[in-house]
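Enquirer: Got a structure for you, questions after.
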Amino acid sequence: MDIFPYEFRPKQAELVHFIRNSVEQGRCAVVEAGTGMGKTVTSLCGTVPYALDNDMRVIYLTRTKSQQKQVVREAAALKVDVLCIPIQGRSAHSCPMMRGDQSLASGTSEEISKLCSEFKRRDENGTCQCPYYENTCNADLDLWESKLRTDHPEPEALNTMLEEGMFCPYEMLKLLMPGADVVAVPYPFVFVPQIFDRFASWLGVPPSRMIVVVDEAHNLPDYLREVQTYEYSLVAMDLAEKEAMEHGDPEVHEGLTVSDFVSVLRETLYLAVREYLIDDDGMLPPYFMEDELMSRLGVTSVVLGRMFKAMEEIGDGIAEARKLRRKLPRSYIGSMARFLYAWSDCGNDIYVKLVVGDDHNPRFQTYCMDPSPAAEVLNSFHSSLHMSGTLKPLDSYVDELGLDEPVRVTMPGIFPEGNLRILYSDEVTMRYEDRFREENYSRLTRLVRTALMCTRVNTALFFPSYELMNRMVDDGILEGLNRDVYFERKGMPQSELMEVFDEFRMSEGSILLCILGGRISEGLDFPDKALELAMILGIPYPKPTAKLRALRRYYDIRFGDGNRFTSTIPATRKIRQAIGRLIRSETDRGVAVVLDRRVVNLPDVGAEMTDDLGYDLEAFFSVRRRS
Ligand code: SF4
């Protein structure tokens, strides 16, 4: 079935064929596809025909709303009729009944879901408290299905349309899901077991009839570590204590109350800070917390377990009572109990227990080093496709996730090679101990000034830290250039960042100062002349924290090369992501300059040395000026 909606670019047909084969064989496929390959449309064309022929569903996992929108657009363009349903996780903002209530704004999807059940509950007269839900239950689903099939509204327009018709967008999409051919959802719909169970029941098919596409797959290992990591802070302890006092400080064991327990937990955290926290974190002995709690409270491990249980029940009671009052069904005592369970249940083989943060708000953290247990679900699907522009080395990705005998392919970008030059200078190093050494630092400023003075194209400077950004600005790297300058600031709200980004994109000859590995260097597109020169100041190696050392040791034992998995590969991906901002179409041209001689240790970046940066830049950009 040929459903490709455009004229094939070179290699696209080959990629679609590769994906189709893998799906037909029920295999997992791992693909690095360079710029211009059309990852979304090729993924859909490789998976949808088999899904349609075999009554399967394509589950398209995206990280951002704009990627989800792209899936809807490309599904609409296919030369076949498909029902594509985009759905996001629940939030108070997405619910028309809760949106106006600021006290609900911080609700987690689980809390909002519980509150929603309360709104949906019918009273003794059979009346439901939520008119949107009532209307949705009586909706003409066939009509909505055909509307989605013919109009293919983008996610935001679809939500608005449903709300204006007094329907609940979330519930309506759930009801339409059994008829869907493609469902575009965020990662948690597959990788958080409780959410996946619900999602699978709405779809009405078992995992063996699902084909999963993981978009921007290079993010997956870190994401899976995160979803299996738990932490608990000093601030959360204060909230649990306050809640206990508001509820009469209930007893949890023979004269010991919740607030007694919190005091001891707090003392234990302070002790961890004093004894183990160095800079960002510190590793704790495996049973540090349990031993301290037992000895300070004078109880056995069995009693300690009973206290957790008692606190969980108290928390459930508080959350339930709040739910009935239409408040967030939240209990800080309950959250503390759940964290303590998670802490005690985490096996020391793949988890490391840490104290993290700073003196003001330290936290206990049980950090999961291994993404593969959370990735196991992937082996239960008919097949899975992992796509990214920066996935190399594919073998490491496969090993890290424990994927089952996947097929793999690397497809280079299809745009003319000469449109992109990647240069580096061996005059400087950004090793932390050397970057501010006088000689090195003055060479660095000279190189940046040279590039900014001999070109007048839109330029991004990617810094390894705000510290270096501020220091170089204070030292005058921007002086006398007479060019507009834009900044990514620490903690900038997303909306403000997007304003900066949009203004920069629309400008000419401007300079953008931002953070390597930050929100701008990954995921945002700079088409055409919006960005032509990217200067990357340093290699984004991760900080040598206790967590990183533990991870490196773990990978040393597992694969014999911890450094590669924890430093070389992530740093290479971050640099390639930043470079990827330059070329988004076949007419885009640009230069990336890595200012750090250590880039020679990252062969996948593919940088060539420049002896004369000014000359090379002028030569590259004069070609366009002449043409
Ligand atoms: S059914 Fe929909 S509109 Fe009603 S409370 Fe639940 S999420 Fe909100």
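In the structure tokens, the first chain shown is A, the next is B, and so on; residue numbers restart at 1 for each chain, and ligands run from 1 in the order shown.
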Could I get the residue neighbourhood of ligand 1 at 6 Å, counting only C-alpha atoms and all ligand atoms, as a PDB file with N, CA, C and O atoms, in the first residue's frame?

Expert:
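Output contents, as saved in result-v9.pdb:
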ATOM      1  N   CYS A  95      -9.035  20.692  31.949  1.00  0.00           N
ATOM      2  CA  CYS A  95     -10.421  20.392  32.334  1.00  0.00           C
ATOM      3  C   CYS A  95     -11.220  21.690  32.459  1.00  0.00           C
ATOM      4  O   CYS A  95     -10.886  22.547  33.279  1.00  0.00           O
ATOM      5  N   PRO A  96     -12.286  21.831  31.685  1.00  0.00           N
ATOM      6  CA  PRO A  96     -13.054  23.081  31.762  1.00  0.00           C
ATOM      7  C   PRO A  96     -13.711  23.304  33.127  1.00  0.00           C
ATOM      8  O   PRO A  96     -13.997  24.432  33.487  1.00  0.00           O
ATOM      9  N   MET A  97     -13.917  22.247  33.894  1.00  0.00           N
ATOM     10  CA  MET A  97     -14.531  22.416  35.217  1.00  0.00           C
ATOM     11  C   MET A  97     -13.515  22.894  36.249  1.00  0.00           C
ATOM     12  O   MET A  97     -13.874  23.482  37.255  1.00  0.00           O
ATOM     13  N   CYS A 116     -11.781  14.281  39.070  1.00  0.00           N
ATOM     14  CA  CYS A 116     -12.697  14.145  37.932  1.00  0.00           C
ATOM     15  C   CYS A 116     -13.739  13.061  38.239  1.00  0.00           C
ATOM     16  O   CYS A 116     -14.933  13.250  37.975  1.00  0.00           O
ATOM     17  N   PHE A 119     -16.446  14.544  40.184  1.00  0.00           N
ATOM     18  CA  PHE A 119     -17.348  15.370  39.364  1.00  0.00           C
ATOM     19  C   PHE A 119     -18.285  14.494  38.529  1.00  0.00           C
ATOM     20  O   PHE A 119     -19.415  14.860  38.256  1.00  0.00           O
ATOM     21  N   LYS A 120     -17.769  13.333  38.113  1.00  0.00           N
ATOM     22  CA  LYS A 120     -18.568  12.465  37.224  1.00  0.00           C
ATOM     23  C   LYS A 120     -19.620  11.653  37.984  1.00  0.00           C
ATOM     24  O   LYS A 120     -20.549  11.119  37.394  1.00  0.00           O
ATOM     25  N   CYS A 130     -20.897  17.119  36.405  1.00  0.00           N
ATOM     26  CA  CYS A 130     -20.131  17.730  35.317  1.00  0.00           C
ATOM     27  C   CYS A 130     -20.965  17.716  34.031  1.00  0.00           C
ATOM     28  O   CYS A 130     -21.162  16.660  33.429  1.00  0.00           O
ATOM     29  N   TYR A 132     -20.180  18.691  31.148  1.00  0.00           N
ATOM     30  CA  TYR A 132     -19.358  18.280  29.998  1.00  0.00           C
ATOM     31  C   TYR A 132     -19.365  16.753  29.876  1.00  0.00           C
ATOM     32  O   TYR A 132     -19.451  16.194  28.787  1.00  0.00           O
ATOM     33  N   TYR A 133     -19.286  16.107  31.033  1.00  0.00           N
ATOM     34  CA  TYR A 133     -19.269  14.637  31.018  1.00  0.00           C
ATOM     35  C   TYR A 133     -20.639  14.093  30.585  1.00  0.00           C
ATOM     36  O   TYR A 133     -20.734  13.186  29.753  1.00  0.00           O
ATOM     37  N   CYS A 168     -16.452  17.077  27.122  1.00  0.00           N
ATOM     38  CA  CYS A 168     -15.154  16.997  27.802  1.00  0.00           C
ATOM     39  C   CYS A 168     -14.142  16.423  26.802  1.00  0.00           C
ATOM     40  O   CYS A 168     -14.294  15.271  26.366  1.00  0.00           O
ATOM     41  N   TYR A 170     -11.135  15.271  27.106  1.00  0.00           N
ATOM     42  CA  TYR A 170     -10.431  14.062  27.545  1.00  0.00           C
ATOM     43  C   TYR A 170     -11.336  12.826  27.443  1.00  0.00           C
ATOM     44  O   TYR A 170     -10.961  11.796  26.885  1.00  0.00           O
ATOM     45  N   GLU A 171     -12.552  12.969  27.965  1.00  0.00           N
ATOM     46  CA  GLU A 171     -13.460  11.822  27.964  1.00  0.00           C
ATOM     47  C   GLU A 171     -13.887  11.458  26.538  1.00  0.00           C
ATOM     48  O   GLU A 171     -14.036  10.291  26.199  1.00  0.00           O
TER      49      GLU A 171
END

Enquirer: Name all residues at most 6 Å from segment 32-37 of chain A (count only C-alpha atoms; drop same-chain ones fewer than 4 positions away) and give them as a short mmCIF file (atom, residue, chain, number, x, y, z; two decimals) with C-alpha atoms, in the first residue's frame.

Expert:
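The resulting part_36.cif:
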data_model
loop_
_atom_site.label_atom_id
_atom_site.label_comp_id
_atom_site.auth_asym_id
_atom_site.auth_seq_id
_atom_site.Cartn_x
_atom_site.Cartn_y
_atom_site.Cartn_z
CA MET A 387 13.74 7.19 15.76
CA SER A 388 16.05 10.12 16.31
CA GLY A 389 18.47 12.34 14.44
CA LEU A 391 21.02 8.16 18.23
CA THR A 410 21.78 4.87 10.17
CA MET A 411 20.56 7.17 7.41
CA PRO A 412 22.64 10.31 6.91
CA GLY A 413 20.92 13.64 6.32
CA ILE A 414 19.79 14.20 2.76
#

Enquirer: Go ahead and compute the interatomic distance for atom CA of Met237 of chain A and atom CA of Ala105 of chain A, in Å to one decimal.

Expert: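 Interatomic distance here is 21.4 Å.
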
Enquirer: What is the distance, in Å and to one decimal place, between atom CA of Val600 of chain A and atom CA of Glu427 of chain A?

Expert: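 Interatomic distance, atom CA of Val600 of chain A to atom CA of Glu427 of chain A: 12.6 Å.
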
Enquirer: Determine, counting only C-alpha atoms, which protein, DNA and RNA residues have an atom within 9 Å of an atom of Asp404 of chain A; residues of the same chain fewer than 3 positions away are not included. Present the result as a PyMOL selection string.

Expert: chain A and resi 27-28+378-379+398

Enquirer: Would you work out the distance separating atom CA of Pro406 of chain A from atom CA of Ser22 of chain A, expressed in Å to one decimal?

Expert: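 Between these atoms lies a distance of 8.5 Å.
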
Enquirer: Using only C-alpha atoms, can you tell me which of A:Ser380, A:Ser510, A:Thr150, A:Thr566 comes closest to Asn482 of chain A?

Expert: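 Ranking A:Ser380, A:Ser510, A:Thr150, A:Thr566 by distance to Asn482 of chain A, first place goes to A:Ser510.
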
Enquirer: Excluding same-chain residues fewer than 4 positions from Gly590 of chain A, what lies within 10 Å of it counting only C-alpha atoms, as a compact mmCIF listing (two decimals) with N, CA, C and O atoms, in the first residue's frame?

Expert:
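Output saved as out.txt:
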# COMPACT_ATOMS: atom_id res chain seq x y z
N GLY A 418 27.88 20.08 1.63
CA GLY A 418 28.62 21.34 1.70
C GLY A 418 27.87 22.45 2.40
O GLY A 418 28.44 23.50 2.70
N ASN A 419 26.59 22.23 2.69
CA ASN A 419 25.81 23.30 3.35
C ASN A 419 26.14 23.44 4.83
O ASN A 419 25.73 24.40 5.47
N LEU A 420 26.82 22.43 5.36
CA LEU A 420 27.16 22.48 6.79
C LEU A 420 28.64 22.25 6.98
O LEU A 420 29.20 21.28 6.46
N ARG A 421 29.31 23.15 7.71
CA ARG A 421 30.70 22.90 8.10
C ARG A 421 30.76 22.84 9.61
O ARG A 421 30.14 23.66 10.30
N ILE A 422 31.50 21.85 10.10
CA ILE A 422 31.68 21.76 11.56
C ILE A 422 33.17 21.94 11.82
O ILE A 422 33.98 21.10 11.39
N VAL A 457 25.81 37.22 10.42
CA VAL A 457 24.66 36.32 10.28
C VAL A 457 24.08 36.06 11.67
O VAL A 457 24.75 36.31 12.68
N ASN A 458 22.86 35.57 11.71
CA ASN A 458 22.29 35.21 13.02
C ASN A 458 23.16 34.14 13.67
O ASN A 458 23.43 33.09 13.07
N THR A 459 23.59 34.43 14.90
CA THR A 459 24.59 33.59 15.57
C THR A 459 24.11 33.20 16.95
O THR A 459 23.60 34.04 17.70
N ASP A 528 15.86 28.38 7.70
CA ASP A 528 16.42 29.36 6.78
C ASP A 528 17.55 30.15 7.44
O ASP A 528 18.47 29.57 7.98
N LYS A 529 17.43 31.50 7.42
CA LYS A 529 18.55 32.30 7.95
C LYS A 529 18.38 32.63 9.43
O LYS A 529 19.09 33.50 9.95
N LEU A 531 19.27 31.00 11.83
CA LEU A 531 20.52 30.67 12.50
C LEU A 531 21.51 30.14 11.46
O LEU A 531 21.23 29.18 10.77
N GLU A 532 22.67 30.81 11.40
CA GLU A 532 23.66 30.37 10.41
C GLU A 532 25.02 30.06 11.04
O GLU A 532 25.85 29.40 10.43
N LEU A 533 25.22 30.57 12.25
CA LEU A 533 26.49 30.28 12.92
C LEU A 533 26.19 29.85 14.36
O LEU A 533 25.49 30.56 15.08
N ALA A 534 26.69 28.66 14.74
CA ALA A 534 26.51 28.18 16.11
C ALA A 534 27.90 28.01 16.73
O ALA A 534 28.71 27.24 16.21
N ILE A 579 24.13 21.44 16.96
CA ILE A 579 24.51 21.63 15.54
C ILE A 579 23.29 21.44 14.64
O ILE A 579 23.11 22.14 13.64
N ARG A 581 20.44 22.41 14.94
CA ARG A 581 19.57 23.60 14.82
C ARG A 581 19.85 24.36 13.53
O ARG A 581 19.03 25.12 13.06
N LEU A 582 21.05 24.16 12.95
CA LEU A 582 21.48 25.00 11.82
C LEU A 582 20.79 24.65 10.51
O LEU A 582 20.49 25.52 9.71
N ILE A 583 20.62 23.37 10.27
CA ILE A 583 20.17 22.94 8.94
C ILE A 583 18.82 22.26 9.07
O ILE A 583 18.72 21.15 9.58
N LEU A 617 35.45 31.22 8.19
CA LEU A 617 34.07 31.72 8.24
C LEU A 617 33.79 32.66 7.07
O LEU A 617 32.75 32.56 6.41
N PHE A 620 33.32 30.67 3.91
CA PHE A 620 32.04 29.96 3.83
C PHE A 620 30.91 30.93 3.50
O PHE A 620 30.12 30.68 2.59
N PHE A 621 30.84 32.03 4.22
CA PHE A 621 29.70 32.92 4.03
C PHE A 621 29.83 33.77 2.76
O PHE A 621 28.84 34.24 2.24

Enquirer: Can you list, as a list in words, every protein, DNA or RNA residue that comes within 10 Å of segment 348-352 of chain A when you count only C-alpha atoms, leaving out same-chain residues fewer than 5 positions away?

Expert: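 Near segment 348-352 of chain A, the qualifying residues are Arg225, Gln228, Thr229, Met283, Leu284, Pro285, Pro286, Tyr287, Trp343, Gln365, Thr366, Tyr367, Cys368, Met369, Asp370, Pro371, Pro373, Ala546, Lys547, Ala550, Leu551 and Tyr554 of chain A.
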
Enquirer: Skip Thr450 of chain A itself and residues of its chain fewer than 4 positions away, then list as a PyMOL selection string all residues within 9 Å of it, counting only C-alpha atoms.

Expert: chain A and resi 445-446+454-455+613-614

Enquirer: Let me see the file: selected residues, all heavy atoms, as a PDB file, in the first residue's frame.

Expert:
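out_21.pdb, written as the output of this step:
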ATOM      1  N   THR A 445      38.156  34.314  24.308  1.00  0.00           N
ATOM      2  CA  THR A 445      37.452  35.564  23.986  1.00  0.00           C
ATOM      3  C   THR A 445      37.863  36.071  22.601  1.00  0.00           C
ATOM      4  O   THR A 445      37.040  36.573  21.851  1.00  0.00           O
ATOM      5  CB  THR A 445      37.724  36.670  25.031  1.00  0.00           C
ATOM      6  OG1 THR A 445      38.994  36.466  25.579  1.00  0.00           O
ATOM      7  CG2 THR A 445      36.733  36.681  26.128  1.00  0.00           C
ATOM      8  N   ARG A 446      39.142  35.901  22.276  1.00  0.00           N
ATOM      9  CA  ARG A 446      39.601  36.366  20.954  1.00  0.00           C
ATOM     10  C   ARG A 446      38.870  35.604  19.838  1.00  0.00           C
ATOM     11  O   ARG A 446      38.403  36.193  18.867  1.00  0.00           O
ATOM     12  CB  ARG A 446      41.124  36.184  20.837  1.00  0.00           C
ATOM     13  CG  ARG A 446      41.675  36.640  19.479  1.00  0.00           C
ATOM     14  CD  ARG A 446      43.190  36.552  19.397  1.00  0.00           C
ATOM     15  NE  ARG A 446      43.763  35.284  19.811  1.00  0.00           N
ATOM     16  CZ  ARG A 446      43.722  34.153  19.108  1.00  0.00           C
ATOM     17  NH1 ARG A 446      43.099  34.119  17.942  1.00  0.00           N
ATOM     18  NH2 ARG A 446      44.282  33.049  19.573  1.00  0.00           N
ATOM     19  N   CYS A 454      33.722  39.012  12.096  1.00  0.00           N
ATOM     20  CA  CYS A 454      33.916  38.789  10.662  1.00  0.00           C
ATOM     21  C   CYS A 454      32.663  38.238   9.981  1.00  0.00           C
ATOM     22  O   CYS A 454      32.673  37.957   8.798  1.00  0.00           O
ATOM     23  CB  CYS A 454      35.118  37.886  10.408  1.00  0.00           C
ATOM     24  SG  CYS A 454      34.792  36.200  10.789  1.00  0.00           S
ATOM     25  N   THR A 455      31.584  38.031  10.749  1.00  0.00           N
ATOM     26  CA  THR A 455      30.327  37.592  10.122  1.00  0.00           C
ATOM     27  C   THR A 455      29.214  38.524  10.587  1.00  0.00           C
ATOM     28  O   THR A 455      29.352  39.208  11.600  1.00  0.00           O
ATOM     29  CB  THR A 455      29.943  36.170  10.584  1.00  0.00           C
ATOM     30  OG1 THR A 455      29.798  36.181  11.997  1.00  0.00           O
ATOM     31  CG2 THR A 455      30.970  35.146  10.188  1.00  0.00           C
ATOM     32  N   LEU A 613      40.138  30.772  12.045  1.00  0.00           N
ATOM     33  CA  LEU A 613      38.672  30.770  12.122  1.00  0.00           C
ATOM     34  C   LEU A 613      38.063  31.885  11.279  1.00  0.00           C
ATOM     35  O   LEU A 613      37.103  31.657  10.531  1.00  0.00           O
ATOM     36  CB  LEU A 613      38.245  30.913  13.594  1.00  0.00           C
ATOM     37  CG  LEU A 613      36.745  30.881  13.853  1.00  0.00           C
ATOM     38  CD1 LEU A 613      36.124  29.588  13.379  1.00  0.00           C
ATOM     39  CD2 LEU A 613      36.444  31.085  15.337  1.00  0.00           C
ATOM     40  N   GLY A 614      38.637  33.088  11.375  1.00  0.00           N
ATOM     41  CA  GLY A 614      38.097  34.224  10.625  1.00  0.00           C
ATOM     42  C   GLY A 614      38.091  33.938   9.132  1.00  0.00           C
ATOM     43  O   GLY A 614      37.098  34.160   8.439  1.00  0.00           O
TER      44      GLY A 614
END

Enquirer: Name the closest residue to Ala451 of chain A among the candidates A:Gly282, A:Ile477, A:Val71, A:Asp123; distances are taken between atoms, counting only C-alpha atoms.

Expert: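 Looking only at the distances to Ala451 of chain A, the closest residue turns out to be A:Ile477.
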
Enquirer: According to DSSP computed on the backbone, where in segment 307-513 of chain A is there strand (DSSP E)? Give the residues as a PyMOL selection string.

Expert: chain A and resi 351-356+363-368+383-388+407-411+420-424+459-463+485-487+511-513

Enquirer: Please, could you write that set of residues out with N, CA and C atoms as an mmCIF file, in the first residue's frame?

Expert:
data_model
loop_
_atom_site.group_PDB
_atom_site.id
_atom_site.type_symbol
_atom_site.label_atom_id
_atom_site.label_comp_id
_atom_site.auth_asym_id
_atom_site.auth_seq_id
_atom_site.Cartn_x
_atom_site.Cartn_y
_atom_site.Cartn_z
ATOM 1 N N TYR A 351 19.709 0.662 42.047
ATOM 2 C CA TYR A 351 19.445 1.983 42.630
ATOM 3 C C TYR A 351 20.634 2.436 43.470
ATOM 4 N N VAL A 352 20.802 3.761 43.531
ATOM 5 C CA VAL A 352 21.779 4.300 44.456
ATOM 6 C C VAL A 352 21.038 5.319 45.316
ATOM 7 N N LYS A 353 21.343 5.297 46.603
ATOM 8 C CA LYS A 353 20.632 6.193 47.525
ATOM 9 C C LYS A 353 21.496 7.398 47.832
ATOM 10 N N LEU A 354 20.887 8.571 47.702
ATOM 11 C CA LEU A 354 21.674 9.803 47.743
ATOM 12 C C LEU A 354 21.011 10.847 48.628
ATOM 13 N N VAL A 355 21.835 11.812 49.062
ATOM 14 C CA VAL A 355 21.282 13.067 49.561
ATOM 15 C C VAL A 355 21.668 14.097 48.505
ATOM 16 N N VAL A 356 20.689 14.886 48.055
ATOM 17 C CA VAL A 356 20.962 15.826 46.962
ATOM 18 C C VAL A 356 20.441 17.217 47.327
ATOM 19 N N ARG A 363 17.317 16.899 49.840
ATOM 20 C CA ARG A 363 16.349 15.848 49.536
ATOM 21 C C ARG A 363 17.009 14.485 49.631
ATOM 22 N N PHE A 364 16.223 13.512 50.044
ATOM 23 C CA PHE A 364 16.647 12.129 49.863
ATOM 24 C C PHE A 364 16.281 11.758 48.436
ATOM 25 N N GLN A 365 17.146 10.997 47.793
ATOM 26 C CA GLN A 365 16.798 10.564 46.435
ATOM 27 C C GLN A 365 17.240 9.120 46.233
ATOM 28 N N THR A 366 16.352 8.321 45.698
ATOM 29 C CA THR A 366 16.755 6.975 45.318
ATOM 30 C C THR A 366 16.764 6.953 43.785
ATOM 31 N N TYR A 367 17.972 6.952 43.258
ATOM 32 C CA TYR A 367 18.172 7.184 41.822
ATOM 33 C C TYR A 367 18.346 5.859 41.096
ATOM 34 N N CYS A 368 17.541 5.688 40.039
ATOM 35 C CA CYS A 368 17.616 4.445 39.268
ATOM 36 C C CYS A 368 18.673 4.585 38.172
ATOM 37 N N SER A 383 5.709 -4.607 17.667
ATOM 38 C CA SER A 383 7.051 -4.124 17.329
ATOM 39 C C SER A 383 7.191 -2.700 17.834
ATOM 40 N N SER A 384 8.430 -2.226 17.910
ATOM 41 C CA SER A 384 8.642 -0.832 18.296
ATOM 42 C C SER A 384 9.690 -0.233 17.381
ATOM 43 N N LEU A 385 9.504 1.055 17.106
ATOM 44 C CA LEU A 385 10.420 1.775 16.223
ATOM 45 C C LEU A 385 10.996 2.946 17.008
ATOM 46 N N HIS A 386 12.328 3.030 17.046
ATOM 47 C CA HIS A 386 12.999 4.080 17.825
ATOM 48 C C HIS A 386 13.697 5.001 16.841
ATOM 49 N N MET A 387 13.260 6.257 16.792
ATOM 50 C CA MET A 387 13.742 7.191 15.762
ATOM 51 C C MET A 387 14.363 8.414 16.396
ATOM 52 N N SER A 388 15.473 8.845 15.863
ATOM 53 C CA SER A 388 16.054 10.118 16.307
ATOM 54 C C SER A 388 17.083 10.552 15.285
ATOM 55 N N VAL A 407 16.527 -4.659 14.591
ATOM 56 C CA VAL A 407 17.248 -4.313 13.362
ATOM 57 C C VAL A 407 17.606 -2.841 13.488
ATOM 58 N N ARG A 408 18.686 -2.421 12.859
ATOM 59 C CA ARG A 408 19.112 -1.030 13.023
ATOM 60 C C ARG A 408 19.676 -0.465 11.730
ATOM 61 N N VAL A 409 19.525 0.845 11.597
ATOM 62 C CA VAL A 409 20.075 1.486 10.407
ATOM 63 C C VAL A 409 20.394 2.953 10.714
ATOM 64 N N THR A 410 21.458 3.447 10.067
ATOM 65 C CA THR A 410 21.785 4.874 10.174
ATOM 66 C C THR A 410 21.629 5.483 8.790
ATOM 67 N N MET A 411 20.782 6.476 8.680
ATOM 68 C CA MET A 411 20.562 7.167 7.405
ATOM 69 C C MET A 411 21.105 8.579 7.548
ATOM 70 N N LEU A 420 26.820 22.426 5.362
ATOM 71 C CA LEU A 420 27.159 22.484 6.794
ATOM 72 C C LEU A 420 28.644 22.252 6.980
ATOM 73 N N ARG A 421 29.307 23.154 7.710
ATOM 74 C CA ARG A 421 30.702 22.897 8.101
ATOM 75 C C ARG A 421 30.757 22.840 9.611
ATOM 76 N N ILE A 422 31.495 21.849 10.102
ATOM 77 C CA ILE A 422 31.678 21.762 11.558
ATOM 78 C C ILE A 422 33.167 21.935 11.823
ATOM 79 N N LEU A 423 33.530 23.023 12.475
ATOM 80 C CA LEU A 423 34.934 23.338 12.721
ATOM 81 C C LEU A 423 35.230 23.246 14.213
ATOM 82 N N TYR A 424 36.499 23.086 14.533
ATOM 83 C CA TYR A 424 36.885 23.243 15.940
ATOM 84 C C TYR A 424 38.251 23.909 15.990
ATOM 85 N N THR A 459 23.587 34.429 14.902
ATOM 86 C CA THR A 459 24.588 33.588 15.565
ATOM 87 C C THR A 459 24.111 33.196 16.952
ATOM 88 N N ALA A 460 24.276 31.920 17.296
ATOM 89 C CA ALA A 460 23.979 31.497 18.676
ATOM 90 C C ALA A 460 25.284 31.111 19.355
ATOM 91 N N LEU A 461 25.474 31.613 20.573
ATOM 92 C CA LEU A 461 26.619 31.188 21.386
ATOM 93 C C LEU A 461 26.072 30.236 22.437
ATOM 94 N N PHE A 462 26.509 28.984 22.381
ATOM 95 C CA PHE A 462 26.042 27.995 23.349
ATOM 96 C C PHE A 462 27.080 27.872 24.460
ATOM 97 N N PHE A 463 26.722 28.307 25.666
ATOM 98 C CA PHE A 463 27.664 28.296 26.799
ATOM 99 C C PHE A 463 27.442 27.061 27.668
ATOM 100 N N VAL A 485 21.148 41.735 20.607
ATOM 101 C CA VAL A 485 21.570 40.583 21.408
ATOM 102 C C VAL A 485 20.384 40.055 22.218
ATOM 103 N N TYR A 486 20.218 38.733 22.237
ATOM 104 C CA TYR A 486 19.132 38.082 22.987
ATOM 105 C C TYR A 486 19.745 37.096 23.971
ATOM 106 N N PHE A 487 19.091 36.946 25.135
ATOM 107 C CA PHE A 487 19.641 36.075 26.181
ATOM 108 C C PHE A 487 18.635 35.011 26.626
ATOM 109 N N ILE A 511 22.543 38.188 17.770
ATOM 110 C CA ILE A 511 23.323 37.207 18.543
ATOM 111 C C ILE A 511 22.435 36.686 19.669
ATOM 112 N N LEU A 512 22.433 35.378 19.836
ATOM 113 C CA LEU A 512 21.650 34.757 20.906
ATOM 114 C C LEU A 512 22.612 34.057 21.850
ATOM 115 N N LEU A 513 22.521 34.374 23.148
ATOM 116 C CA LEU A 513 23.382 33.712 24.138
ATOM 117 C C LEU A 513 22.517 32.722 24.909
#
